[in-house]
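Q: The structure under discussion is supplied below as structure tokens; questions concerning it will follow.
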Amino acid sequence: MFGRHPRALLAASAAFLLALTGCAGWGGGPGGEGPNSINVLMVNNPQMIDLQRLTADNFTKQTGINVNFTVLPENDVRDKISQEFSSQAGQYDVASLSNFEIPIYAKSKWIAPLDDYVAADTAFNQADILKPMTTSLTADDGKLYGEPFYGESSFLMFRKDVLEANNIEMPANPTWRQVADIAARVDGKQPGMRGICLRGQPGWGQIFAPLTTVVNTFGGTWFEKDWTAKVDAPEFTEATKFYVDLVRAHGENGAPQAGFTECLNNLVQGNVAMWYDATSAAGSLEADDSPVKGKIGYVAAPVEKTKSSGWLYAWSWSIQQASEKKDNAWKFISWASSKQYEELVGQQVGWSSVPAGKRASTYENQDYLKVASAFAEPTKSAIESADPRNPGVQPRPAIGIQFIDIPEFTDLGTQVSQYVSSAIAGQMSVDDALKRGQRLAEDVSERYQSREG
């Protein structure tokens with residue numbers, strides 16, 4: 001939802017071939033049953049396709065457990081997982097869930113706690129999982145409900161050569177005011193190159209992924225601890241005006257339609273000098289065929305009032321509560337999220353394809369660092385400094401950095417994002433956009449306040 005992997009274009013064709021060869025149920029139902037088989041429902045991201053391809057010759061060969069995959073595009077898989085797990089039919093044992101869904105599903109008792117498995121499986125080494133990942137996959141009851149497959153945070157990417165040519169030094173921990181100043185200074189210094197790219201495309205996982213982190217660090221919040229809506233509060237308004245003004249003055253062409261992919265293309269093609277977005281983008285920027293390989297610098301997410309402001313996102317594994325094969329499901333999860341699996345991918349697929357962003361040991365692996373040296377440490381630092389339970393200057397009613405971890409946020413965030421995108425397009429003012437957003441947020445407030453009243 002937040003960042004896309006560089007090999008996304010290969011995913012569909014790879015999966016199609018796998019389906020033809022009978023290695024997976026591509027978009028269908030679960031495969032054959034049996035005491036030593038499990039059914040896995042997962043998103044069709046490239047790293048998942050690698051997993052699908054490697055499972056039979058490695059995991060199944062080692063354990064005797066057959067894995068039947070059902071693989072779907074992101075929006076489709078979210079819908080299907082919601083349907084399957086809410087009904088608790090037990091048809092699927094494992095599903096790929098993000099750190100947005102996992103605490104919500106845990107509260108509904110749709111997924112099983114993993115603490116006993118983790119305690120018994122010393123080889124898995126939970127301590128090696130980056131702490132913010134474990135925190136984001138732990139529910140309010142203190143139990144762990146997911147294991148990350150790969151993760152990301154956010155940071156600022158910039159053209160080192162362009163800044164150097166203009167005698168500009170990028171701070172290691174820039175403020176947003178400094179970033180805006182640099183954007184103004186480099187805007188137009190090279191033909192057709194704007195100062196910065198920031199997402200303007202509507203969507204709770206598009207524009208509001210970066211924008212909510214800006215709101216957090218400017219001192220704003222969607223909701224206070226008691227669920228009071230604060231979408232049109234001075235701090236939220238200041239942050240949004242800053243973001244909208246920056247992208248309108250020095251941002252990419254077509255900003256109201258620009259999401260992750262469009263900004264990635266803009267930086268790769270030399271259309272912008274900077275970009276604030278997902279750490280997962282670095283793999284594309286440093287790919288062998290990238291025209292900007294070696295030209296990009298990476299620094300921490302810009303801040304104002306907080307020490308850090310990077311987001312946190314992870315595709316992770318959870319076990320359906322109704323599954324009758326939880327032991328085998330855990331064996332699959334512990335393999336798929338293991339250090340050994342990362343080494344397998346490095347050796348058989350390539351180190352640039354390792355599902356990183358979850359284990360500290362990944363960032364000590366010299367084979368991985370050879371291909372990721374430019375961005376490995378900034379990525380690890382961004383993830384380690386992310387604080388999903390305390391991302392702003394005030395207490396929050398729910399976990400989450402770039403989202404509020406409640407089911408209603410998908411609709412709320414998407415609707416408000418449409419207004420803010422319209423402000424970027426010059427079709428309404430930020431004040432009007434956030435006044436409308438405040439009314440929507442107050443509807444959510446009333447629901448939660450009445451439950452707690």
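A note on labels: chains of the structure tokens are A, B, ... as shown, every chain counts residues from 1, and ligands are counted from 1 in their shown order.
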As a CSV table (one decimal) with N, CA and C atoms, in the first residue's frame, please: every residue in stretch 134-269 of chain A that DSSP puts in strand (DSSP E).
A:
chain,number,residue,atom,x,y,z
A,147,GLU,N,4.1,-12.1,12.3
A,147,GLU,CA,5.6,-12.0,12.1
A,147,GLU,C,5.8,-11.4,10.8
A,148,PRO,N,6.7,-10.4,10.7
A,148,PRO,CA,6.9,-9.6,9.5
A,148,PRO,C,7.6,-10.5,8.4
A,149,PHE,N,7.2,-10.3,7.2
A,149,PHE,CA,7.9,-10.9,6.0
A,149,PHE,C,8.9,-9.9,5.5
A,150,TYR,N,8.5,-8.7,5.3
A,150,TYR,CA,9.4,-7.6,5.0
A,150,TYR,C,8.8,-6.3,5.4
A,151,GLY,N,9.6,-5.3,5.7
A,151,GLY,CA,9.1,-4.0,6.2
A,151,GLY,C,9.7,-2.8,5.6
A,152,GLU,N,9.2,-1.6,6.0
A,152,GLU,CA,9.7,-0.4,5.5
A,152,GLU,C,9.4,0.7,6.4
A,154,SER,N,10.2,5.4,6.2
A,154,SER,CA,10.3,6.4,5.2
A,154,SER,C,11.5,7.3,5.4
A,155,PHE,N,12.1,7.8,4.4
A,155,PHE,CA,13.2,8.7,4.5
A,155,PHE,C,13.2,9.7,3.3
A,156,LEU,N,14.1,10.6,3.4
A,156,LEU,CA,14.3,11.6,2.3
A,156,LEU,C,15.4,11.2,1.4
A,157,MET,N,15.1,11.1,0.1
A,157,MET,CA,16.0,10.8,-1.0
A,157,MET,C,16.3,12.0,-1.8
A,158,PHE,N,17.6,12.2,-2.1
A,158,PHE,CA,18.0,13.4,-2.8
A,158,PHE,C,19.2,13.2,-3.8
A,159,ARG,N,19.2,14.0,-4.8
A,159,ARG,CA,20.3,14.0,-5.8
A,159,ARG,C,21.6,14.6,-5.2
Q: Determine, counting only C-alpha atoms, which protein, DNA and RNA residues have an atom within 10 Å of an atom of A:Tyr298; residues of the same chain fewer than 2 positions away are not included. Present the result as a PyMOL selection string.
A: chain A and resi 155-160+170+172+274-276+279+282+296+300-301+374-379
Q: Tell me, as number ranges by chain, which residues lie within 8 Å of stretch 254-265 of chain A, counting only C-alpha atoms; anything in the same chain fewer than 6 positions away does not count.
A: A: 2-4, 197-202, 206-207, 247-248, 275, 277, 281, 421-422, 424-425
Q: If you run DSSP on the backbone, which residues of stretch 91-328 of chain A are alpha helix (DSSP H), as JSON, numbers by chain?
A: {"A": [101, 102, 103, 104, 105, 106, 107, 115, 116, 117, 118, 119, 120, 131, 132, 133, 134, 135, 136, 160, 161, 162, 163, 164, 165, 176, 177, 178, 179, 180, 181, 182, 183, 184, 185, 186, 208, 209, 210, 211, 212, 213, 214, 215, 216, 217, 234, 235, 236, 237, 238, 239, 240, 241, 242, 243, 244, 245, 246, 247, 248, 249, 250, 260, 261, 262, 263, 264, 265, 266, 267, 268, 282, 283, 284, 285, 326, 327, 328]}
Q: Pick the closest to A:Gly310 from A:Gly400, A:Pro407, A:Pro171, A:Gly64: which is it, counting only C-alpha atoms?
A: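 Closest to A:Gly310 of all the choices is A:Gly400.
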Q: Counting only C-alpha atoms, which residue out of A:Ile49, A:Ala336, A:Leu54, A:Met42 sits closest to A:Lys358?
A: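 Ranking A:Ile49, A:Ala336, A:Leu54, A:Met42 by distance to A:Lys358, first place goes to A:Ala336.
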Q: Quick one: of A:Ala120, A:Leu412, A:Ile38, A:Val272, who's nearest to A:Ile65, counting only C-alpha atoms?
A: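 For A:Ile65, the nearest of the given residues is A:Ile38.
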Q: Determine the nearest neighbour of A:Trp317 from the options A:Asn390, A:Glu101, A:Ser429, A:Gln402, counting only C-alpha atoms.
A: A:Glu101
Q: With only C-alpha atoms as the basis for distance, which of A:Leu211, A:Ala360, A:Ala329, A:Ala184 is at the shortest distance from A:Ser37?
A: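 With only C-alpha atoms as the atom set, the closest residue is A:Ala329.
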